[in-house]
>>> print(open('protein.csv').read())   # CSV, C-alpha atoms and all ligand atoms
chain,number,residue,atom,x,y,z
A,1179,MET,CA,11.0,110.7,-101.8
A,1180,GLN,CA,11.4,111.2,-98.1
A,1181,ARG,CA,7.9,109.9,-97.3
A,1182,LYS,CA,8.3,106.9,-99.6
A,1183,ALA,CA,11.6,105.9,-98.0
A,1184,SER,CA,10.1,106.0,-94.5
A,1185,ALA,CA,7.0,104.0,-95.6
A,1186,ALA,CA,9.3,101.3,-97.0
A,1187,ALA,CA,11.2,101.3,-93.7
A,1188,GLU,CA,8.0,100.9,-91.8
A,1189,THR,CA,7.0,97.8,-93.7
A,1190,THR,CA,10.5,96.4,-93.5
A,1191,ALA,CA,11.1,96.8,-89.8
A,1192,PRO,CA,8.3,94.4,-88.6
A,1193,ALA,CA,9.3,91.9,-91.3
A,1194,ARG,CA,12.9,92.0,-90.1
A,1195,ALA,CA,11.9,91.7,-86.4
A,1196,PHE,CA,9.7,88.7,-87.3
A,1197,ILE,CA,12.6,87.0,-89.1
A,1198,ALA,CA,15.0,87.8,-86.3
A,1199,SER,CA,12.5,86.2,-83.8
A,1200,LEU,CA,12.4,82.9,-85.6
A,1201,PRO,CA,14.8,80.1,-84.4
A,1202,LYS,CA,16.8,78.8,-87.3
A,1203,THR,CA,19.3,76.3,-88.6
A,1204,GLU,CA,22.2,76.8,-90.9
A,1205,ILE,CA,23.9,74.1,-92.9
A,1206,HIS,CA,26.3,75.9,-95.2
A,1207,LEU,CA,28.7,78.0,-93.2
A,1208,HIS,CA,32.5,78.2,-93.1
A,1209,ILE,CA,34.0,78.8,-89.7
A,1210,GLU,CA,36.8,80.9,-91.3
A,1211,GLY,CA,34.0,83.0,-93.0
A,1212,LEU,CA,32.3,84.0,-89.8
A,1213,VAL,CA,35.5,85.2,-88.0
A,1214,SER,CA,35.4,88.8,-86.9
A,1215,VAL,CA,37.7,91.7,-87.8
A,1216,ASP,CA,38.4,92.0,-84.1
A,1217,SER,CA,39.6,88.4,-83.8
A,1218,ILE,CA,41.9,88.7,-86.8
A,1219,TRP,CA,43.3,92.0,-85.6
A,1220,SER,CA,43.9,90.5,-82.1
A,1221,LEU,CA,45.8,87.5,-83.8
A,1222,ILE,CA,47.9,89.8,-86.0
A,1223,LYS,CA,49.0,91.7,-82.8
A,1224,LYS,CA,49.4,88.5,-80.8
A,1225,HIS,CA,51.8,87.0,-83.3
A,1226,ARG,CA,53.3,90.3,-84.4
A,1227,LEU,CA,52.5,89.3,-88.0
A,1228,ASP,CA,53.7,91.4,-90.8
A,1229,LEU,CA,50.8,91.2,-93.3
A,1230,GLY,CA,51.2,94.8,-94.5
A,1231,ILE,CA,48.2,95.9,-92.5
A,1232,GLY,CA,49.0,98.7,-90.1
A,1233,SER,CA,45.7,99.3,-88.3
A,1234,LYS,CA,42.3,97.7,-87.5
A,1235,GLU,CA,40.7,100.2,-89.8
A,1236,GLU,CA,42.9,99.0,-92.7
A,1237,LEU,CA,42.0,95.4,-91.9
A,1238,LYS,CA,38.3,96.3,-91.8
A,1239,LYS,CA,38.7,97.7,-95.4
A,1240,ARG,CA,40.4,94.4,-96.5
A,1241,PHE,CA,37.3,92.6,-95.2
A,1242,HIS,CA,35.1,94.5,-97.7
A,1243,VAL,CA,36.0,92.3,-100.6
A,1244,THR,CA,34.7,93.3,-104.0
A,1245,SER,CA,36.2,90.6,-106.2
A,1246,LEU,CA,36.9,86.8,-106.1
A,1247,THR,CA,40.7,87.6,-106.1
A,1248,GLU,CA,40.3,89.8,-103.1
A,1249,PHE,CA,38.2,87.2,-101.4
A,1250,ILE,CA,40.7,84.4,-101.9
A,1251,ASP,CA,43.5,86.7,-100.8
A,1252,LEU,CA,41.7,87.6,-97.6
A,1253,PHE,CA,40.7,84.0,-96.9
A,1254,ILE,CA,44.1,82.4,-97.4
A,1255,ASN,CA,46.7,85.1,-96.9
A,1256,ILE,CA,45.1,87.0,-94.1
A,1257,ILE,CA,42.5,84.9,-92.2
A,1258,GLN,CA,44.0,81.5,-92.4
A,1259,ALA,CA,47.6,82.9,-92.0
A,1260,CYS,CA,46.7,84.2,-88.5
A,1261,PHE,CA,46.0,80.9,-86.9
A,1262,LEU,CA,49.4,79.7,-85.6
A,1263,THR,CA,48.6,77.8,-82.4
A,1264,GLU,CA,45.7,75.6,-81.4
A,1265,ASP,CA,44.8,78.2,-78.7
A,1266,ASP,CA,44.0,80.7,-81.6
A,1267,LEU,CA,40.9,78.6,-82.4
A,1268,THR,CA,39.2,79.9,-79.3
A,1269,TYR,CA,38.6,83.1,-81.3
A,1270,LEU,CA,36.7,81.0,-83.9
A,1271,VAL,CA,34.5,79.5,-81.2
A,1272,ASP,CA,33.8,82.9,-79.7
A,1273,ASP,CA,32.9,84.3,-83.1
A,1274,THR,CA,30.7,81.3,-83.8
A,1275,ARG,CA,28.8,82.0,-80.5
A,1276,HIS,CA,28.2,85.7,-81.5
A,1277,TYR,CA,27.2,84.9,-85.1
A,1278,LEU,CA,24.8,82.1,-84.2
A,1279,SER,CA,23.2,84.0,-81.2
A,1280,ARG,CA,22.8,87.2,-83.3
A,1281,ASN,CA,20.8,85.2,-85.9
A,1282,ASN,CA,18.9,83.0,-83.4
A,1283,ILE,CA,20.4,79.9,-84.9
A,1284,ARG,CA,19.7,76.9,-82.8
A,1285,TYR,CA,21.8,74.4,-84.7
A,1286,ALA,CA,24.5,74.7,-87.3
A,1287,GLU,CA,26.7,72.4,-89.3
A,1288,ILE,CA,29.9,74.3,-89.9
A,1289,PHE,CA,32.7,73.7,-92.3
A,1290,PHE,CA,36.2,73.7,-91.0
A,1291,ALA,CA,39.2,73.5,-93.4
A,1292,PRO,CA,42.3,72.1,-91.6
A,1293,THR,CA,44.8,71.9,-94.5
A,1294,LYS,CA,46.2,75.4,-94.4
A,1295,LEU,CA,46.3,75.4,-90.6
A,1296,ILE,CA,48.2,72.1,-90.7
A,1297,LYS,CA,50.7,73.7,-93.1
A,1298,ASN,CA,50.9,76.6,-90.5
A,1299,GLY,CA,52.2,73.9,-88.0
A,1300,LEU,CA,49.0,73.1,-86.1
A,1301,ASP,CA,48.3,69.6,-85.0
A,1302,PHE,CA,45.0,68.1,-86.4
A,1303,ASP,CA,44.1,66.2,-83.2
A,1304,ARG,CA,44.7,69.2,-81.0
A,1305,MET,CA,42.7,71.4,-83.4
A,1306,VAL,CA,39.8,69.0,-83.2
A,1307,ASP,CA,40.1,68.8,-79.4
A,1308,ARG,CA,39.8,72.6,-79.2
A,1309,LEU,CA,36.8,72.8,-81.6
A,1310,ASP,CA,35.3,69.8,-79.7
A,1311,GLU,CA,35.6,71.7,-76.4
A,1312,GLY,CA,34.2,74.7,-78.1
A,1313,ALA,CA,31.1,72.8,-79.4
A,1314,ASN,CA,30.5,71.3,-75.9
A,1315,GLN,CA,30.8,74.7,-74.3
A,1316,LEU,CA,28.4,76.2,-76.8
A,1317,ARG,CA,25.9,73.3,-76.4
A,1318,SER,CA,25.8,74.1,-72.6
A,1319,GLU,CA,24.8,77.6,-73.6
A,1320,GLY,CA,22.0,76.4,-75.9
A,1321,ILE,CA,23.8,76.7,-79.2
A,1322,ASP,CA,24.3,73.4,-81.0
A,1323,VAL,CA,27.0,72.9,-83.6
A,1324,ARG,CA,28.6,70.1,-85.5
A,1325,TYR,CA,31.6,70.3,-87.8
A,1326,ILE,CA,32.1,69.1,-91.3
A,1327,VAL,CA,35.8,68.9,-92.4
A,1328,ASP,CA,36.1,70.7,-95.7
A,1329,VAL,CA,38.8,69.4,-98.1
A,1330,SER,CA,39.7,71.7,-100.9
A,1331,ARG,CA,40.0,70.7,-104.5
A,1332,GLY,CA,42.9,73.1,-104.6
A,1333,PHE,CA,45.0,70.7,-102.4
A,1334,GLY,CA,44.3,67.6,-104.4
A,1335,LEU,CA,43.2,64.0,-103.8
A,1336,GLU,CA,46.1,62.9,-101.6
A,1337,ASN,CA,45.6,65.7,-99.2
A,1338,ALA,CA,41.8,65.0,-99.1
A,1339,MET,CA,42.6,61.3,-98.3
A,1340,ARG,CA,45.1,62.4,-95.6
A,1341,ASN,CA,42.5,64.6,-94.0
A,1342,LEU,CA,39.9,61.8,-94.0
A,1343,ASP,CA,42.4,59.4,-92.4
A,1344,LEU,CA,43.0,62.1,-89.7
A,1345,ILE,CA,39.3,62.4,-89.0
A,1346,LEU,CA,38.9,58.6,-88.8
A,1347,ALA,CA,42.0,58.3,-86.5
A,1348,HIS,CA,40.6,60.9,-84.0
A,1349,PRO,CA,36.8,60.5,-84.0
A,1350,THR,CA,34.4,62.7,-82.0
A,1351,PRO,CA,30.6,63.0,-82.2
A,1352,ASN,CA,31.0,66.7,-83.0
A,1353,VAL,CA,32.8,66.0,-86.3
A,1354,ILE,CA,30.1,64.4,-88.4
A,1355,GLY,CA,31.2,64.5,-92.0
A,1356,LEU,CA,33.4,65.4,-94.9
A,1357,GLY,CA,32.8,68.1,-97.5
A,1358,LEU,CA,34.4,68.9,-100.8
A,1359,GLY,CA,35.2,72.6,-101.4
A,1360,GLY,CA,37.5,74.9,-103.3
A,1361,ALA,CA,37.5,75.9,-106.9
A,1362,GLU,CA,35.4,73.6,-109.0
A,1363,GLN,CA,37.3,74.6,-112.1
A,1364,THR,CA,40.5,73.1,-110.8
A,1365,GLY,CA,39.2,69.7,-109.4
A,1366,PRO,CA,36.4,67.7,-110.9
A,1367,ALA,CA,34.2,65.9,-108.3
A,1368,LYS,CA,34.9,62.5,-109.8
A,1369,ASP,CA,38.6,62.8,-108.8
A,1370,TYR,CA,37.5,62.4,-105.2
A,1371,GLU,CA,35.5,59.2,-105.6
A,1372,ALA,CA,37.8,57.1,-103.5
A,1373,VAL,CA,37.8,59.6,-100.6
A,1374,PHE,CA,34.0,59.8,-100.6
A,1375,GLU,CA,33.6,56.0,-100.8
A,1376,LYS,CA,35.8,55.5,-97.8
A,1377,ALA,CA,34.1,58.3,-95.9
A,1378,ARG,CA,30.7,56.9,-96.6
A,1379,ALA,CA,31.8,53.4,-95.6
A,1380,ALA,CA,33.1,54.8,-92.3
A,1381,GLY,CA,29.7,56.3,-91.6
A,1382,LEU,CA,30.5,59.9,-92.2
A,1383,LYS,CA,28.1,62.3,-93.8
A,1384,VAL,CA,29.2,63.6,-97.1
A,1385,VAL,CA,28.5,66.8,-98.9
A,1386,ALA,CA,30.1,68.7,-101.7
A,1387,HIS,CA,30.1,72.2,-103.3
A,1388,ALA,CA,29.0,71.9,-106.9
A,1389,GLY,CA,27.3,73.9,-109.5
A,1390,GLU,CA,28.5,77.1,-108.0
A,1391,ASP,CA,31.1,78.0,-110.6
A,1392,VAL,CA,30.7,75.1,-113.1
A,1393,GLY,CA,27.8,73.8,-115.1
A,1394,PRO,CA,25.3,70.9,-114.3
A,1395,ALA,CA,27.8,68.1,-115.1
A,1396,SER,CA,29.6,68.9,-111.9
A,1397,ILE,CA,26.4,68.4,-109.9
A,1398,TRP,CA,25.6,65.1,-111.7
A,1399,ASP,CA,29.1,63.8,-110.8
A,1400,THR,CA,28.6,64.9,-107.2
A,1401,ILE,CA,25.4,62.9,-106.7
A,1402,ASP,CA,26.2,59.9,-109.0
A,1403,ILE,CA,29.9,59.4,-108.3
A,1404,LEU,CA,30.4,60.9,-104.9
A,1405,GLY,CA,27.0,60.0,-103.4
A,1406,ALA,CA,26.9,63.5,-101.8
A,1407,GLN,CA,23.9,63.8,-99.5
A,1408,ARG,CA,23.6,67.6,-100.0
A,1409,ILE,CA,24.8,70.0,-102.6
A,1410,GLY,CA,26.6,73.2,-101.7
A,1411,HIS,CA,24.9,75.9,-103.9
A,1412,GLY,CA,23.9,73.7,-106.9
A,1413,ILE,CA,22.6,76.7,-108.8
A,1414,SER,CA,23.9,75.7,-112.3
A,1415,ALA,CA,21.2,73.0,-112.1
A,1416,ILE,CA,18.9,75.8,-113.6
A,1417,GLN,CA,20.5,74.9,-116.9
A,1418,ASP,CA,19.4,71.3,-116.8
A,1419,GLU,CA,15.7,70.4,-116.4
A,1420,LYS,CA,16.5,66.7,-116.1
A,1421,LEU,CA,18.9,67.4,-113.3
A,1422,MET,CA,16.3,69.5,-111.5
A,1423,THR,CA,13.8,66.7,-111.7
A,1424,GLU,CA,16.4,64.2,-110.5
A,1425,LEU,CA,17.3,66.4,-107.5
A,1426,THR,CA,13.6,66.8,-106.7
A,1427,SER,CA,12.8,63.2,-106.9
A,1428,ARG,CA,15.8,62.1,-104.8
A,1429,ARG,CA,15.0,64.9,-102.3
A,1430,ILE,CA,18.7,66.1,-102.3
A,1431,PRO,CA,18.9,69.4,-100.4
A,1432,LEU,CA,20.5,72.4,-102.0
A,1433,GLU,CA,22.5,74.6,-99.6
A,1434,ILE,CA,21.8,77.9,-101.3
A,1435,CYS,CA,23.7,81.0,-100.3
A,1436,PRO,CA,22.1,83.9,-102.3
A,1437,THR,CA,24.5,86.7,-101.4
A,1438,SER,CA,27.5,84.5,-102.0
A,1439,ASN,CA,26.1,83.5,-105.4
A,1440,LEU,CA,25.6,87.2,-106.4
A,1441,PHE,CA,29.2,87.9,-105.3
A,1442,THR,CA,30.4,85.1,-107.7
A,1443,GLN,CA,28.3,86.6,-110.5
A,1444,LYS,CA,28.2,83.3,-112.3
A,1445,TYR,CA,24.6,82.1,-112.5
A,1446,ALA,CA,22.8,85.2,-111.1
A,1447,LYS,CA,23.7,88.8,-111.4
A,1448,THR,CA,20.8,90.1,-109.2
A,1449,LEU,CA,18.6,88.5,-106.5
A,1450,ALA,CA,15.7,88.7,-108.9
A,1451,GLU,CA,17.7,86.5,-111.4
A,1452,HIS,CA,18.7,84.0,-108.8
A,1453,PRO,CA,17.3,80.5,-109.6
A,1454,ILE,CA,16.1,79.9,-106.0
A,1455,ARG,CA,12.5,80.8,-107.0
A,1456,ALA,CA,12.5,78.5,-110.0
A,1457,PHE,CA,14.0,75.7,-107.9
A,1458,PHE,CA,11.3,76.2,-105.3
A,1459,ASP,CA,8.5,76.2,-107.9
A,1460,HIS,CA,10.0,72.9,-109.3
A,1461,GLY,CA,9.6,71.4,-105.8
A,1462,MET,CA,13.4,71.2,-105.1
A,1463,TYR,CA,14.6,70.9,-101.6
A,1464,VAL,CA,16.1,74.4,-101.1
A,1465,THR,CA,17.6,75.8,-98.0
A,1466,ILE,CA,19.0,79.3,-97.3
A,1467,ASN,CA,22.5,79.9,-95.9
A,1468,THR,CA,25.2,82.5,-95.8
A,1469,ASP,CA,28.5,80.7,-96.7
A,1470,ASP,CA,30.8,83.3,-95.3
A,1471,PRO,CA,28.8,85.9,-93.4
A,1472,THR,CA,31.6,88.3,-92.3
A,1473,LEU,CA,33.3,88.2,-95.7
A,1474,PHE,CA,30.1,89.0,-97.5
A,1475,GLY,CA,28.8,91.4,-94.8
A,1476,VAL,CA,25.6,89.4,-94.5
A,1477,ASP,CA,23.7,87.7,-91.6
A,1478,LEU,CA,21.4,84.8,-92.0
A,1479,ASN,CA,18.6,87.1,-90.9
A,1480,ASP,CA,19.4,89.4,-93.9
A,1481,GLU,CA,19.3,86.6,-96.4
A,1482,TYR,CA,15.7,85.7,-95.3
A,1483,ALA,CA,14.7,89.4,-95.1
A,1484,ARG,CA,16.0,90.3,-98.6
A,1485,LEU,CA,14.1,87.4,-100.2
A,1486,LEU,CA,10.9,88.6,-98.4
A,1487,GLU,CA,11.4,92.3,-99.1
A,1488,SER,CA,12.2,91.8,-102.7
A,1489,GLY,CA,8.9,89.9,-103.1
A,1490,ILE,CA,10.6,86.7,-104.3
A,1491,PHE,CA,9.0,84.7,-101.5
A,1492,THR,CA,6.0,85.2,-99.2
A,1493,VAL,CA,6.3,84.6,-95.5
A,1494,ASP,CA,4.6,81.2,-95.8
A,1495,GLU,CA,7.0,80.2,-98.5
A,1496,LEU,CA,10.0,81.4,-96.5
A,1497,LEU,CA,8.7,79.3,-93.6
A,1498,THR,CA,8.6,76.3,-95.9
A,1499,ILE,CA,12.3,76.9,-96.8
A,1500,LEU,CA,13.1,77.4,-93.1
A,1501,LYS,CA,11.5,74.1,-92.4
A,1502,ASN,CA,13.6,72.5,-95.2
A,1503,GLY,CA,16.7,73.9,-93.4
A,1504,VAL,CA,15.7,72.0,-90.3
A,1505,TYR,CA,15.0,68.7,-92.0
A,1506,ALA,CA,18.1,68.9,-94.2
A,1507,THR,CA,20.4,68.8,-91.2
A,1508,PHE,CA,22.0,65.6,-90.2
A,1509,LEU,CA,20.3,65.6,-86.8
A,1510,PRO,CA,18.1,62.6,-85.8
A,1511,LYS,CA,14.5,63.1,-86.8
A,1512,LYS,CA,13.4,63.5,-83.1
A,1513,ARG,CA,15.7,66.5,-82.7
A,1514,GLN,CA,14.6,68.0,-86.0
A,1515,ASN,CA,11.0,67.7,-84.9
A,1516,GLU,CA,11.9,69.5,-81.6
A,1517,ILE,CA,13.5,72.4,-83.5
A,1518,TRP,CA,10.6,72.7,-86.0
A,1519,ASN,CA,8.1,72.6,-83.1
A,1520,GLU,CA,9.9,75.4,-81.5
A,1521,ILE,CA,9.8,77.5,-84.7
A,1522,ALA,CA,6.2,76.7,-85.2
A,1523,ALA,CA,5.4,77.9,-81.7
A,1524,VAL,CA,7.1,81.2,-82.4
A,1525,VAL,CA,5.1,81.6,-85.6
A,1526,LYS,CA,1.9,80.8,-83.9
A,1527,LYS,CA,2.4,83.4,-81.3
A,1528,SER,CA,3.4,86.1,-83.7
A,1529,ASP,CA,0.6,88.1,-85.4
A,1530,PHE,CA,3.0,89.4,-88.0
A,1531,ALA,CA,2.7,86.5,-90.4
A,1532,ALA,CA,-1.0,87.1,-90.7
A,1533,THR,CA,-0.5,90.7,-91.8
A,1534,LEU,CA,1.3,90.0,-95.1
A,1535,PRO,CA,-0.3,88.8,-98.4
A,1536,LYS,CA,-0.1,85.1,-98.9
A,1601,ZN,ZN,30.9,77.3,-99.2
>>> encode(input="protein.csv", output="structure tokens", more="lines below")
Ligand SMILES: [Zn+2]
Amino acid sequence: MQRKASAAAETTAPARAFIASLPKTEIHLHIEGLVSVDSIWSLIKKHRLDLGIGSKEELKKRFHVTSLTEFIDLFINIIQACFLTEDDLTYLVDDTRHYLSRNNIRYAEIFFAPTKLIKNGLDFDRMVDRLDEGANQLRSEGIDVRYIVDVSRGFGLENAMRNLDLILAHPTPNVIGLGLGGAEQTGPAKDYEAVFEKARAAGLKVVAHAGEDVGPASIWDTIDILGAQRIGHGISAIQDEKLMTELTSRRIPLEICPTSNLFTQKYAKTLAEHPIRAFFDHGMYVTINTDDPTLFGVDLNDEYARLLESGIFTVDELLTILKNGVYATFLPKKRQNEIWNEIAAVVKKSDFAATLPK
């Protein structure tokens, strides 16, 4: 047993090192989901918040969520409850820096959900200014980020429209789009048609979570009614061959987050059961992302490594998916090419890829 375990570790370590060495992009990532325990603990102390959490150790335990209820409680009642001034957003920018550098991510499109923070008393324009300064600072350090404002189905159409109007009244090149999130069960995509139509007309990029917790009809609505340019998750498409073909022929990227999907336990109970392989074989435009890395205890490096170690994808196939991740961004083609060329140069220099079976 001992020898077997160490042999596995030997084959794993070079694979992990190779994955870590690759520059990457990430396109489905929530800024509140990458916040560190340290930041939240600092904010609890700063604002002397009484959240029933007496120590950092206790907070750390709360971050180890094991059910959707615990996840939502942590997200809304602890994480989002700690941001009470615009200055607090500095913590998010710092955590973004750490997460992206740790995973060698050159460029990320990150969701930011303002609604709860506005309810906490923060001002939208000042929040955007802080995040804007943060993005400019990170860019000067070689880390490129853009934000997508995430409106939750849980807060309804009027709130979504209000958020859109706020974005349009305070534009910045760092805020590039609008995303629909929240529980699919509570808010069908079609309810948000007017918001998406207005966002598209204003030149914003539009994406939506769909097919994460609800069947294929939710994805159909998202592409046909909302005109979403990318689908968050989209894994219930596995139940609808016609939809899979449609997504393939329209080249609509799927922002797949394997660990998050296993956490939800809706359309895959194990990684081996995850439809990502079937999607890939069908020719669909799949990308790999983390969704909420701190909350799921996963890094983007881990997501790639697990798919390789489990034998679901070969190195070459993972590189194809990594490339998809670059070209599914909303960056101009020229910048996408630059990032891909940088990745290709790292692959060329590494002799690791050649050591694994194709
Ligand atoms: Zn998400």
>>> residues_around(input="protein.csv", residues="A:Gln1514", least_positions_apart="5", cutoff="8 Å", atoms="only C-alpha atoms", output="PyMOL selection string")
chain A and resi 1504-1505+1507+1509
>>> residues_near_point(input="protein.csv", point="(18.9, 82.8, -78.4)", cutoff="12 Å", atoms="all atoms listed in the file", output="list in words")
Ala1198, Ser1199, Leu1200, Pro1201, Lys1202, Arg1275, His1276, Tyr1277, Leu1278, Ser1279, Arg1280, Asn1281, Asn1282, Ile1283, Arg1284, Tyr1285, Leu1316, Arg1317, Glu1319, Gly1320, Ile1321 and Asp1322 of chain A
>>> atom_distance(input="protein.csv", atom1="atom CA of A:Ala1450", atom2="atom CA of A:Val1385")
27.3 Å
>>> atom_distance(input="protein.csv", atom1="atom CA of A:Gly1312", atom2="atom CA of A:Gly1410")
24.8 Å
>>> axis_aligned_box(input="protein.csv", around="stretch 1438-1441 of chain A", padding_each_side="5 Å", output="AutoDock Vina command-line options")
--center_x 27.4 --center_y 85.7 --center_z -104.2 --size_x 13.6 --size_y 14.4 --size_z 14.4
>>> residues_around(input="protein.csv", residues="A:Phe1261", least_positions_apart="3", cutoff="10 Å", atoms="all atoms listed in the file", output="JSON, numbers by chain")
{"A": [1218, 1221, 1222, 1225, 1256, 1257, 1258, 1264, 1265, 1266, 1267, 1269, 1270, 1294, 1295, 1296, 1298, 1299, 1300]}
>>> residues_near_ligand(input="protein.csv", ligand="ligand ZN 1601 (chain A)", cutoff="12 Å", atoms="all atoms listed in the file", output="ChimeraX atom specification")
/A:1205-1212,1287-1291,1326-1330,1357-1362,1385-1391,1409-1412,1432-1439,1442,1467-1471,1473-1474
>>> residues_around(input="protein.csv", residues="A:Ala1522", least_positions_apart="3", cutoff="12 Å", atoms="all atoms listed in the file", output="list in words")
Ser1199, Leu1200, Pro1201, Lys1202, Asp1494, Leu1497, Thr1498, Leu1500, Lys1501, Val1504, Asn1515, Glu1516, Ile1517, Trp1518, Asn1519, Val1525, Lys1526, Lys1527, Ser1528 and Ala1531 of chain A
>>> closest_residue(input="protein.csv", among="A:Glu1495, A:Asp1251, A:Asp1272, A:Asp1529", to="A:Gly1461", atoms="all atoms listed in the file")
A:Glu1495
>>> closest_residue(input="protein.csv", among="A:Thr1426, A:Leu1229, A:His1348, A:Gly1334", to="A:Asp1310", atoms="all atoms listed in the file")
A:His1348
>>> atom_distance(input="protein.csv", atom1="atom CA of A:Asp1216", atom2="atom CA of A:Val1306")
23.1 Å
>>> residues_around(input="protein.csv", residues="A:Asp1418", least_positions_apart="3", cutoff="12 Å", atoms="all atoms listed in the file", output="PyMOL selection string")
chain A and resi 1389+1393-1398+1412-1415+1421-1425+1453+1457
>>> closest_residue(input="protein.csv", among="A:Val1524, A:Leu1342, A:Leu1440, A:Ile1430", to="A:Ser1245", atoms="all atoms listed in the file")
A:Leu1440
>>> closest_residue(input="protein.csv", among="A:Glu1419, A:Ser1488, A:Glu1236, A:Asn1479", to="A:Thr1448", atoms="only C-alpha atoms")
A:Ser1488
>>> closest_residue(input="protein.csv", among="A:Phe1508, A:Trp1219, A:Phe1249, A:Phe1458", to="A:Ile1354", atoms="only C-alpha atoms")
A:Phe1508
>>> closest_residue(input="protein.csv", among="A:Tyr1463, A:Tyr1325, A:Phe1253, A:Tyr1445", to="A:Leu1309", atoms="only C-alpha atoms")
A:Tyr1325
